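Quick notes on the structure that follows.
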Amino acid sequence: QLIYRFYVVDDDAIVWPQFPLQWQIQTQDSHDGHNMPRQASKERSSGYAYIPVIKEIPRIAEEVAKMPHEKLTVDWETSQKQLNLANDIFGDILPPRIAFMPHHHKWTLGVGYDAVHLLGFNELIMALCENPDGVHALMAFLRDEWMLTLDFMERENLITPHWAAANGEADVTPNGKSIAANEKAKLSELWGFAECQEMVVASPQMFEEFIMPYVAPITKRFGYISYGCCEPLDDRLDIVRRYIPNVRKIGITAWANQEKFAGVKDLVLSRRPNPAMVCTRFNEDEIRQDIRKSYELLGQSQLEIILKDVVTLQNEADRIPRWVKIMREEIARHYGD
């Protein structure tokens, strides 16, 4: 995959000269959705639905009070065996190395994702109005669970420098330390990632009341934060910055009003074009017009372009390298060779 990406896709992805392995972590009493029962969807054989743990909106606080926090243990023996095996097979040409970050355990520091899987999406949104105290109790529980998880990771010395980051954040560390300077790391030396796509249907005021006070103490423990996934942030960027002063990158999705970000010079603006332009069709003029608007509005800022959520290419694999070529041409057009 890496060879194909390097020679065919030819984007700006970083390839590190080590083979990443992770600690084998086992969970007990996990409530983040991954260990919950699932029901097969009747419409699609590949779909599923989570069965909410909390069944009734009026009883949220009561149910939360009975839930234990998840317990984590490390299978040190299996982790070491995997490391030794990789060393024996190809360690002389591609040194294996443990690369463990908090997002290897849970992909987001946000609390909305777990809340939805505990309560249900529609139920969570309704509960904002019907049982706000219960929602606060749920968010406080999820905040505490993340804090306990981070305590465990630091106490067990599991966290490594961010050398295997997927999007290039690793070469900009909060303390300027060399990426490979040490085998262990503190959270304050790392990037973290948070988002809250689930609250995009709620008002900025509700987003601030029910989400940010609980995300803030989690993100505070990291050096830098990248914030935002698929949710538009144009109506709540000021709220994010107020609660997460160490934010250094924000996502600008296809549904965001880009004009709201014009003039933001102190953050990396991570522009994510609509993947439908590549997944469902490939109209070169449409792609160029879209990215030219981004450069027109954001080209003087610290801008990166990321094509994400590509779920199909309709059997036309060359769409991706063609898209990269168009991006390079538009970069040269805007900035000059």
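Identifiers in the structure tokens: chain A, B, ... in order shown; residue index from 1 per chain; ligand index from 1 in order shown.
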> Could you write out, as a VMD selection string, all the residues of range 61-212 of chain A that DSSP marks as strand (DSSP E or B)?
Replying inline: chain A and resid 71 to 74 96 to 98 191 to 194
>> Using only C-alpha atoms, which protein or nucleic acid residues come within 7 Å of Glu195 in chain A? Drop anything in the same chain fewer than 2 positions from it, and give the result as a ChimeraX atom specification.
In response: /A:108,110,197,227-229
Please produce a file of those selected residues containing N, CA, C and O atoms, as a CSV table (one decimal), in the first residue's frame.
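The file below, selection.csv, is the result:
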chain,number,residue,atom,x,y,z
A,108,THR,N,-11.2,9.7,19.1
A,108,THR,CA,-11.5,11.1,19.4
A,108,THR,C,-11.5,11.4,20.9
A,108,THR,O,-11.9,10.6,21.7
A,110,GLY,N,-13.3,13.8,21.9
A,110,GLY,CA,-14.6,14.3,22.1
A,110,GLY,C,-15.5,13.4,22.9
A,110,GLY,O,-15.2,12.2,22.9
A,197,GLN,N,-19.1,15.9,16.0
A,197,GLN,CA,-20.0,15.9,14.8
A,197,GLN,C,-21.4,15.8,15.2
A,197,GLN,O,-22.4,16.3,14.5
A,227,TYR,N,-8.7,20.1,15.8
A,227,TYR,CA,-10.1,20.1,16.1
A,227,TYR,C,-11.0,20.0,14.9
A,227,TYR,O,-10.8,20.9,14.0
A,228,GLY,N,-11.9,19.1,14.9
A,228,GLY,CA,-12.9,19.1,13.8
A,228,GLY,C,-12.8,18.0,12.8
A,228,GLY,O,-11.7,17.6,12.4
A,229,CYS,N,-13.9,17.3,12.5
A,229,CYS,CA,-13.9,16.2,11.5
A,229,CYS,C,-14.8,16.6,10.4
A,229,CYS,O,-14.4,17.4,9.5
Within 8 Å of range 123-136 of chain A using only C-alpha atoms, minus same-chain residues under 6 positions, as a PDB file with all heavy atoms, in the first residue's frame:
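Below is the file result-v4.pdb, written as the result:
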ATOM      1  N   ILE A  57     -34.790   8.411  28.514  1.00  0.00           N
ATOM      2  CA  ILE A  57     -34.257   9.765  28.674  1.00  0.00           C
ATOM      3  C   ILE A  57     -34.430  10.295  30.103  1.00  0.00           C
ATOM      4  O   ILE A  57     -33.491  10.886  30.654  1.00  0.00           O
ATOM      5  CB  ILE A  57     -34.903  10.718  27.641  1.00  0.00           C
ATOM      6  CG1 ILE A  57     -34.417  10.353  26.228  1.00  0.00           C
ATOM      7  CG2 ILE A  57     -34.586  12.181  27.965  1.00  0.00           C
ATOM      8  CD1 ILE A  57     -35.052  11.169  25.123  1.00  0.00           C
ATOM      9  N   PRO A  58     -35.575  10.107  30.756  1.00  0.00           N
ATOM     10  CA  PRO A  58     -35.717  10.653  32.123  1.00  0.00           C
ATOM     11  C   PRO A  58     -34.784  10.014  33.141  1.00  0.00           C
ATOM     12  O   PRO A  58     -34.578  10.573  34.225  1.00  0.00           O
ATOM     13  CB  PRO A  58     -37.191  10.344  32.472  1.00  0.00           C
ATOM     14  CG  PRO A  58     -37.875  10.177  31.156  1.00  0.00           C
ATOM     15  CD  PRO A  58     -36.851   9.538  30.274  1.00  0.00           C
ATOM     16  N   ARG A  59     -34.206   8.846  32.828  1.00  0.00           N
ATOM     17  CA  ARG A  59     -33.395   8.109  33.800  1.00  0.00           C
ATOM     18  C   ARG A  59     -31.901   8.183  33.490  1.00  0.00           C
ATOM     19  O   ARG A  59     -31.126   7.377  34.004  1.00  0.00           O
ATOM     20  CB  ARG A  59     -33.844   6.650  33.834  1.00  0.00           C
ATOM     21  CG  ARG A  59     -35.261   6.443  34.347  1.00  0.00           C
ATOM     22  CD  ARG A  59     -35.751   5.015  34.098  1.00  0.00           C
ATOM     23  NE  ARG A  59     -34.814   4.035  34.664  1.00  0.00           N
ATOM     24  CZ  ARG A  59     -34.857   3.593  35.920  1.00  0.00           C
ATOM     25  NH1 ARG A  59     -35.783   4.042  36.741  1.00  0.00           N
ATOM     26  NH2 ARG A  59     -34.006   2.699  36.346  1.00  0.00           N
ATOM     27  N   ILE A  60     -31.469   9.145  32.697  1.00  0.00           N
ATOM     28  CA  ILE A  60     -30.062   9.194  32.280  1.00  0.00           C
ATOM     29  C   ILE A  60     -29.133   9.262  33.488  1.00  0.00           C
ATOM     30  O   ILE A  60     -28.212   8.449  33.636  1.00  0.00           O
ATOM     31  CB  ILE A  60     -29.810  10.388  31.343  1.00  0.00           C
ATOM     32  CG1 ILE A  60     -30.568  10.217  30.030  1.00  0.00           C
ATOM     33  CG2 ILE A  60     -28.305  10.527  31.064  1.00  0.00           C
ATOM     34  CD1 ILE A  60     -30.449  11.418  29.100  1.00  0.00           C
ATOM     35  N   ALA A  61     -29.342  10.233  34.360  1.00  0.00           N
ATOM     36  CA  ALA A  61     -28.441  10.404  35.505  1.00  0.00           C
ATOM     37  C   ALA A  61     -28.438   9.173  36.400  1.00  0.00           C
ATOM     38  O   ALA A  61     -27.394   8.749  36.910  1.00  0.00           O
ATOM     39  CB  ALA A  61     -28.840  11.643  36.306  1.00  0.00           C
ATOM     40  N   ALA A 115     -21.309   9.407  23.832  1.00  0.00           N
ATOM     41  CA  ALA A 115     -22.649   9.695  24.347  1.00  0.00           C
ATOM     42  C   ALA A 115     -23.720   9.135  23.424  1.00  0.00           C
ATOM     43  O   ALA A 115     -24.723   8.576  23.885  1.00  0.00           O
ATOM     44  CB  ALA A 115     -22.830  11.206  24.520  1.00  0.00           C
ATOM     45  N   VAL A 116     -23.513   9.264  22.117  1.00  0.00           N
ATOM     46  CA  VAL A 116     -24.484   8.758  21.149  1.00  0.00           C
ATOM     47  C   VAL A 116     -24.611   7.245  21.247  1.00  0.00           C
ATOM     48  O   VAL A 116     -25.705   6.690  21.165  1.00  0.00           O
ATOM     49  CB  VAL A 116     -24.087   9.187  19.727  1.00  0.00           C
ATOM     50  CG1 VAL A 116     -24.785   8.336  18.673  1.00  0.00           C
ATOM     51  CG2 VAL A 116     -24.425  10.647  19.512  1.00  0.00           C
ATOM     52  N   MET A 199     -23.155  17.086  17.475  1.00  0.00           N
ATOM     53  CA  MET A 199     -23.869  18.285  17.903  1.00  0.00           C
ATOM     54  C   MET A 199     -24.043  19.304  16.791  1.00  0.00           C
ATOM     55  O   MET A 199     -24.436  20.441  17.041  1.00  0.00           O
ATOM     56  CB  MET A 199     -23.134  18.922  19.082  1.00  0.00           C
ATOM     57  CG  MET A 199     -23.242  18.143  20.378  1.00  0.00           C
ATOM     58  SD  MET A 199     -24.899  18.193  21.103  1.00  0.00           S
ATOM     59  CE  MET A 199     -24.926  19.862  21.750  1.00  0.00           C
ATOM     60  N   ALA A 202     -27.356  20.882  16.745  1.00  0.00           N
ATOM     61  CA  ALA A 202     -27.708  21.704  17.899  1.00  0.00           C
ATOM     62  C   ALA A 202     -27.142  23.108  17.721  1.00  0.00           C
ATOM     63  O   ALA A 202     -26.241  23.340  16.914  1.00  0.00           O
ATOM     64  CB  ALA A 202     -27.173  21.072  19.190  1.00  0.00           C
ATOM     65  N   MET A 206     -26.010  25.462  22.740  1.00  0.00           N
ATOM     66  CA  MET A 206     -26.081  24.124  23.327  1.00  0.00           C
ATOM     67  C   MET A 206     -24.740  23.407  23.218  1.00  0.00           C
ATOM     68  O   MET A 206     -24.333  22.683  24.132  1.00  0.00           O
ATOM     69  CB  MET A 206     -27.183  23.304  22.654  1.00  0.00           C
ATOM     70  CG  MET A 206     -28.578  23.642  23.113  1.00  0.00           C
ATOM     71  SD  MET A 206     -29.801  22.498  22.415  1.00  0.00           S
ATOM     72  CE  MET A 206     -31.211  22.855  23.481  1.00  0.00           C
ATOM     73  N   PHE A 210     -23.144  21.960  26.625  1.00  0.00           N
ATOM     74  CA  PHE A 210     -23.155  20.520  26.895  1.00  0.00           C
ATOM     75  C   PHE A 210     -21.880  19.795  26.475  1.00  0.00           C
ATOM     76  O   PHE A 210     -21.685  18.648  26.874  1.00  0.00           O
ATOM     77  CB  PHE A 210     -24.355  19.868  26.201  1.00  0.00           C
ATOM     78  CG  PHE A 210     -25.676  20.247  26.777  1.00  0.00           C
ATOM     79  CD1 PHE A 210     -26.467  21.203  26.155  1.00  0.00           C
ATOM     80  CD2 PHE A 210     -26.129  19.672  27.956  1.00  0.00           C
ATOM     81  CE1 PHE A 210     -27.693  21.560  26.689  1.00  0.00           C
ATOM     82  CE2 PHE A 210     -27.358  20.030  28.500  1.00  0.00           C
ATOM     83  CZ  PHE A 210     -28.137  20.982  27.861  1.00  0.00           C
TER      84      PHE A 210
END
>> For a quick check of understanding, using only C-alpha atoms, which of A:Glu56, A:Pro96, A:Tyr224, A:Val8 has the smallest distance to Asn122 in chain A?
In response: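 Using only C-alpha atoms, the shortest distance to Asn122 in chain A belongs to A:Glu56.
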> Near Trp323 in chain A, counting only C-alpha atoms, which residues have an atom at most 10 Å away, once you skip same-chain residues fewer than 3 positions from it, shown as a VMD selection string?
Replying inline: chain A and resid 9 11 277 to 278 282 284 287 to 288 307 318 to 320 326 to 329
Please produce an output containing all heavy atoms for each residue in the selection, written as a short mmCIF file (atom, residue, chain, number, x, y, z; two decimals), in the first residue's frame.
data_model
loop_
_atom_site.label_atom_id
_atom_site.label_comp_id
_atom_site.auth_asym_id
_atom_site.auth_seq_id
_atom_site.Cartn_x
_atom_site.Cartn_y
_atom_site.Cartn_z
N VAL A 9 -0.05 7.39 -6.31
CA VAL A 9 -0.84 8.51 -5.82
C VAL A 9 -0.01 9.78 -5.79
O VAL A 9 -0.45 10.85 -6.21
CB VAL A 9 -1.41 8.19 -4.42
CG1 VAL A 9 -2.14 9.40 -3.86
CG2 VAL A 9 -2.34 7.00 -4.50
N ASP A 11 1.05 11.78 -3.37
CA ASP A 11 0.63 12.92 -2.56
C ASP A 11 1.72 13.27 -1.56
O ASP A 11 2.87 12.83 -1.70
CB ASP A 11 -0.69 12.62 -1.87
CG ASP A 11 -0.60 11.45 -0.90
OD1 ASP A 11 0.44 10.76 -0.89
OD2 ASP A 11 -1.57 11.22 -0.15
N MET A 277 -17.26 14.59 -5.15
CA MET A 277 -16.72 15.00 -6.44
C MET A 277 -15.76 13.96 -7.01
O MET A 277 -15.47 13.97 -8.20
CB MET A 277 -16.00 16.36 -6.30
CG MET A 277 -16.94 17.52 -6.04
SD MET A 277 -16.09 19.13 -6.09
CE MET A 277 -15.09 19.03 -4.61
N VAL A 278 -15.28 13.08 -6.15
CA VAL A 278 -14.38 12.00 -6.59
C VAL A 278 -15.08 10.65 -6.54
O VAL A 278 -14.85 9.79 -7.38
CB VAL A 278 -13.10 11.98 -5.73
CG1 VAL A 278 -12.22 10.79 -6.07
CG2 VAL A 278 -12.32 13.28 -5.89
N PHE A 282 -16.43 12.45 -11.58
CA PHE A 282 -15.11 13.09 -11.62
C PHE A 282 -15.15 14.15 -12.72
O PHE A 282 -14.80 13.91 -13.86
CB PHE A 282 -14.00 12.08 -11.88
CG PHE A 282 -12.64 12.63 -11.53
CD1 PHE A 282 -12.08 12.39 -10.28
CD2 PHE A 282 -11.92 13.41 -12.43
CE1 PHE A 282 -10.84 12.90 -9.94
CE2 PHE A 282 -10.67 13.92 -12.10
CZ PHE A 282 -10.13 13.66 -10.85
N GLU A 284 -13.56 17.43 -13.76
CA GLU A 284 -12.34 18.19 -13.46
C GLU A 284 -12.63 19.67 -13.28
O GLU A 284 -12.06 20.31 -12.39
CB GLU A 284 -11.33 18.00 -14.60
CG GLU A 284 -10.02 18.70 -14.35
CD GLU A 284 -8.96 18.35 -15.37
OE1 GLU A 284 -8.88 17.17 -15.76
OE2 GLU A 284 -8.21 19.26 -15.78
N ILE A 287 -14.01 20.25 -9.79
CA ILE A 287 -12.96 20.11 -8.77
C ILE A 287 -12.09 21.36 -8.75
O ILE A 287 -11.75 21.88 -7.67
CB ILE A 287 -12.12 18.86 -9.05
CG1 ILE A 287 -12.98 17.60 -8.84
CG2 ILE A 287 -10.90 18.81 -8.15
CD1 ILE A 287 -12.32 16.32 -9.28
N ARG A 288 -11.73 21.86 -9.92
CA ARG A 288 -10.87 23.05 -9.99
C ARG A 288 -11.60 24.29 -9.46
O ARG A 288 -11.01 25.09 -8.71
CB ARG A 288 -10.41 23.28 -11.43
CG ARG A 288 -9.41 22.26 -11.93
CD ARG A 288 -8.86 22.63 -13.30
NE ARG A 288 -8.02 21.59 -13.85
CZ ARG A 288 -6.71 21.45 -13.58
NH1 ARG A 288 -6.13 22.30 -12.75
NH2 ARG A 288 -6.02 20.47 -14.11
N LEU A 307 -8.17 15.12 1.10
CA LEU A 307 -9.33 14.41 0.56
C LEU A 307 -9.60 13.22 1.46
O LEU A 307 -8.79 12.29 1.54
CB LEU A 307 -9.04 13.94 -0.88
CG LEU A 307 -10.19 13.22 -1.58
CD1 LEU A 307 -11.38 14.15 -1.76
CD2 LEU A 307 -9.73 12.67 -2.93
N ASP A 318 -7.70 5.48 -10.98
CA ASP A 318 -6.86 6.62 -11.37
C ASP A 318 -7.47 7.96 -10.95
O ASP A 318 -6.83 9.01 -11.12
CB ASP A 318 -6.62 6.62 -12.88
CG ASP A 318 -7.89 6.86 -13.67
OD1 ASP A 318 -8.97 6.47 -13.20
OD2 ASP A 318 -7.79 7.48 -14.76
N ARG A 319 -8.68 7.95 -10.39
CA ARG A 319 -9.27 9.21 -9.94
C ARG A 319 -8.41 9.89 -8.87
O ARG A 319 -8.31 11.11 -8.81
CB ARG A 319 -10.68 8.98 -9.41
CG ARG A 319 -11.71 8.65 -10.46
CD ARG A 319 -13.09 8.53 -9.84
NE ARG A 319 -14.11 8.13 -10.82
CZ ARG A 319 -15.40 8.03 -10.55
NH1 ARG A 319 -15.84 8.27 -9.32
NH2 ARG A 319 -16.26 7.67 -11.50
N ILE A 320 -7.83 9.08 -7.98
CA ILE A 320 -7.04 9.65 -6.88
C ILE A 320 -5.78 10.33 -7.41
O ILE A 320 -5.52 11.51 -7.10
CB ILE A 320 -6.72 8.59 -5.83
CG1 ILE A 320 -8.00 8.13 -5.13
CG2 ILE A 320 -5.73 9.14 -4.80
CD1 ILE A 320 -8.68 9.20 -4.32
N ILE A 326 -4.33 17.51 -10.15
CA ILE A 326 -5.09 18.76 -10.24
C ILE A 326 -4.74 19.68 -9.08
O ILE A 326 -4.56 20.89 -9.26
CB ILE A 326 -6.60 18.45 -10.26
CG1 ILE A 326 -6.99 17.78 -11.56
CG2 ILE A 326 -7.42 19.73 -10.05
CD1 ILE A 326 -8.41 17.26 -11.59
N MET A 327 -4.63 19.11 -7.88
CA MET A 327 -4.29 19.93 -6.71
C MET A 327 -2.92 20.58 -6.88
O MET A 327 -2.72 21.76 -6.57
CB MET A 327 -4.30 19.08 -5.44
CG MET A 327 -5.67 18.59 -5.01
SD MET A 327 -6.88 19.90 -4.70
CE MET A 327 -7.96 19.66 -6.12
N ARG A 328 -1.95 19.81 -7.37
CA ARG A 328 -0.61 20.37 -7.57
C ARG A 328 -0.64 21.49 -8.61
O ARG A 328 0.03 22.52 -8.45
CB ARG A 328 0.35 19.27 -8.00
CG ARG A 328 0.64 18.22 -6.93
CD ARG A 328 1.89 17.43 -7.26
NE ARG A 328 2.08 16.32 -6.35
CZ ARG A 328 2.54 16.43 -5.09
NH1 ARG A 328 2.84 17.63 -4.62
NH2 ARG A 328 2.70 15.35 -4.34
N GLU A 329 -1.40 21.31 -9.64
CA GLU A 329 -1.49 22.35 -10.68
C GLU A 329 -2.15 23.61 -10.12
O GLU A 329 -1.72 24.73 -10.44
CB GLU A 329 -2.28 21.81 -11.87
CG GLU A 329 -1.55 20.74 -12.65
CD GLU A 329 -2.42 20.09 -13.72
OE1 GLU A 329 -3.63 20.40 -13.79
OE2 GLU A 329 -1.87 19.26 -14.48
#
>> Need the shell around Ile98 in chain A: protein/DNA/RNA residues with any atom at most 6 Å away, counting only C-alpha atoms. Skip same-chain ones fewer than 4 positions apart. Format as a PyMOL selection string?
In response: chain A and resi 20-22
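Looking only at range 225-318 of chain A, the set that DSSP places in alpha helix (DSSP H) from backbone geometry is A:Leu237, A:Asp238, A:Ile239, A:Val240, A:Arg241, A:Arg242, A:Tyr243, A:Ala276, A:Met277, A:Val278, A:Cys279, A:Glu284, A:Asp285, A:Glu286, A:Ile287, A:Arg288, A:Gln289, A:Asp290, A:Ile291, A:Arg292, A:Lys293, A:Ser294, A:Tyr295, A:Glu296, A:Leu297, A:Leu298.
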>> Just checking: using only C-alpha atoms, which residue out of A:Arg236, A:Arg143, A:Arg281, A:His69 ends up closest to Pro217 in chain A?
In response: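 Counting only C-alpha atoms, the residue closest to Pro217 in chain A is A:Arg143.
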> Any idea what's packed within 7 Å of Thr253 in chain A, counting only C-alpha atoms, ignoring anything in its chain fewer than 2 positions away? Could you give it as a list in words?
Replying inline: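 Answer for this query is Cys230, Glu231, Pro232, Gly251, Trp255, Ala256, Arg271, Arg272 and Pro273 of chain A.
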Save out the residues we just selected, N, CA, C and O atoms, as a PDB file, in the first residue's frame.
ATOM      1  N   CYS A 230     -16.019  16.149  10.350  1.00  0.00           N
ATOM      2  CA  CYS A 230     -16.943  16.450   9.251  1.00  0.00           C
ATOM      3  C   CYS A 230     -17.917  17.571   9.579  1.00  0.00           C
ATOM      4  O   CYS A 230     -18.730  17.947   8.737  1.00  0.00           O
ATOM      5  N   GLU A 231     -17.876  18.106  10.801  1.00  0.00           N
ATOM      6  CA  GLU A 231     -18.834  19.144  11.170  1.00  0.00           C
ATOM      7  C   GLU A 231     -18.324  20.521  10.735  1.00  0.00           C
ATOM      8  O   GLU A 231     -17.129  20.816  10.837  1.00  0.00           O
ATOM      9  N   PRO A 232     -19.214  21.393  10.236  1.00  0.00           N
ATOM     10  CA  PRO A 232     -18.802  22.769   9.952  1.00  0.00           C
ATOM     11  C   PRO A 232     -18.609  23.541  11.256  1.00  0.00           C
ATOM     12  O   PRO A 232     -19.390  23.384  12.195  1.00  0.00           O
ATOM     13  N   GLY A 251     -10.621  21.868  11.228  1.00  0.00           N
ATOM     14  CA  GLY A 251     -11.143  21.293  10.000  1.00  0.00           C
ATOM     15  C   GLY A 251     -12.149  22.228   9.340  1.00  0.00           C
ATOM     16  O   GLY A 251     -13.000  22.810  10.011  1.00  0.00           O
ATOM     17  N   TRP A 255     -19.140  21.531   4.074  1.00  0.00           N
ATOM     18  CA  TRP A 255     -20.391  22.171   4.481  1.00  0.00           C
ATOM     19  C   TRP A 255     -20.149  23.450   5.267  1.00  0.00           C
ATOM     20  O   TRP A 255     -21.092  24.066   5.742  1.00  0.00           O
ATOM     21  N   ALA A 256     -18.899  23.846   5.409  1.00  0.00           N
ATOM     22  CA  ALA A 256     -18.571  25.061   6.155  1.00  0.00           C
ATOM     23  C   ALA A 256     -18.588  26.276   5.229  1.00  0.00           C
ATOM     24  O   ALA A 256     -18.299  26.169   4.033  1.00  0.00           O
ATOM     25  N   ARG A 271      -8.594  22.121   4.985  1.00  0.00           N
ATOM     26  CA  ARG A 271      -9.733  22.138   4.071  1.00  0.00           C
ATOM     27  C   ARG A 271      -9.989  20.745   3.531  1.00  0.00           C
ATOM     28  O   ARG A 271      -9.075  20.092   2.998  1.00  0.00           O
ATOM     29  N   ARG A 272     -11.233  20.267   3.681  1.00  0.00           N
ATOM     30  CA  ARG A 272     -11.618  18.934   3.224  1.00  0.00           C
ATOM     31  C   ARG A 272     -12.689  19.078   2.130  1.00  0.00           C
ATOM     32  O   ARG A 272     -13.872  19.259   2.433  1.00  0.00           O
ATOM     33  N   PRO A 273     -12.320  19.014   0.862  1.00  0.00           N
ATOM     34  CA  PRO A 273     -13.314  19.119  -0.211  1.00  0.00           C
ATOM     35  C   PRO A 273     -14.327  17.985  -0.133  1.00  0.00           C
ATOM     36  O   PRO A 273     -14.070  16.930   0.440  1.00  0.00           O
TER      37      PRO A 273
END
Applying 7 Å and only C-alpha atoms, which residues near range 145-154 of chain A remain after dropping the ones on its own chain fewer than 5 positions away? List them as a PDB file with N, CA and C atoms, in the first residue's frame.
ATOM      1  N   HIS A  69     -16.530   2.716  35.323  1.00  0.00           N
ATOM      2  CA  HIS A  69     -15.576   3.179  34.316  1.00  0.00           C
ATOM      3  C   HIS A  69     -14.800   1.980  33.782  1.00  0.00           C
ATOM      4  N   ILE A 159       2.765   5.818  26.231  1.00  0.00           N
ATOM      5  CA  ILE A 159       2.705   6.806  25.159  1.00  0.00           C
ATOM      6  C   ILE A 159       4.091   7.046  24.570  1.00  0.00           C
ATOM      7  N   LYS A 186       5.263  12.415  27.070  1.00  0.00           N
ATOM      8  CA  LYS A 186       4.200  12.941  27.911  1.00  0.00           C
ATOM      9  C   LYS A 186       3.099  13.490  27.008  1.00  0.00           C
ATOM     10  N   ILE A 218      -9.869  17.670  29.045  1.00  0.00           N
ATOM     11  CA  ILE A 218      -9.184  16.572  28.353  1.00  0.00           C
ATOM     12  C   ILE A 218      -8.145  17.132  27.397  1.00  0.00           C
TER      13      ILE A 218
END
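Take the candidates A:Ala276, A:Ile291, A:Ala140, A:Val74 and check each one against Val310 in chain A using only C-alpha atoms; the shortest distance goes to A:Ala276.
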> What is the CA of Val264 in chain A to CA of Leu233 in chain A distance in Å?
Replying inline: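 If I compute the distance from CA of Val264 in chain A to CA of Leu233 in chain A, I get 13.0 Å.
Nearest-residue note for Thr280 in chain A: choosing from A:Asn87, A:Gln18, A:Asn315, A:Asn246, the minimum distance belongs to A:Asn315, counting only C-alpha atoms.
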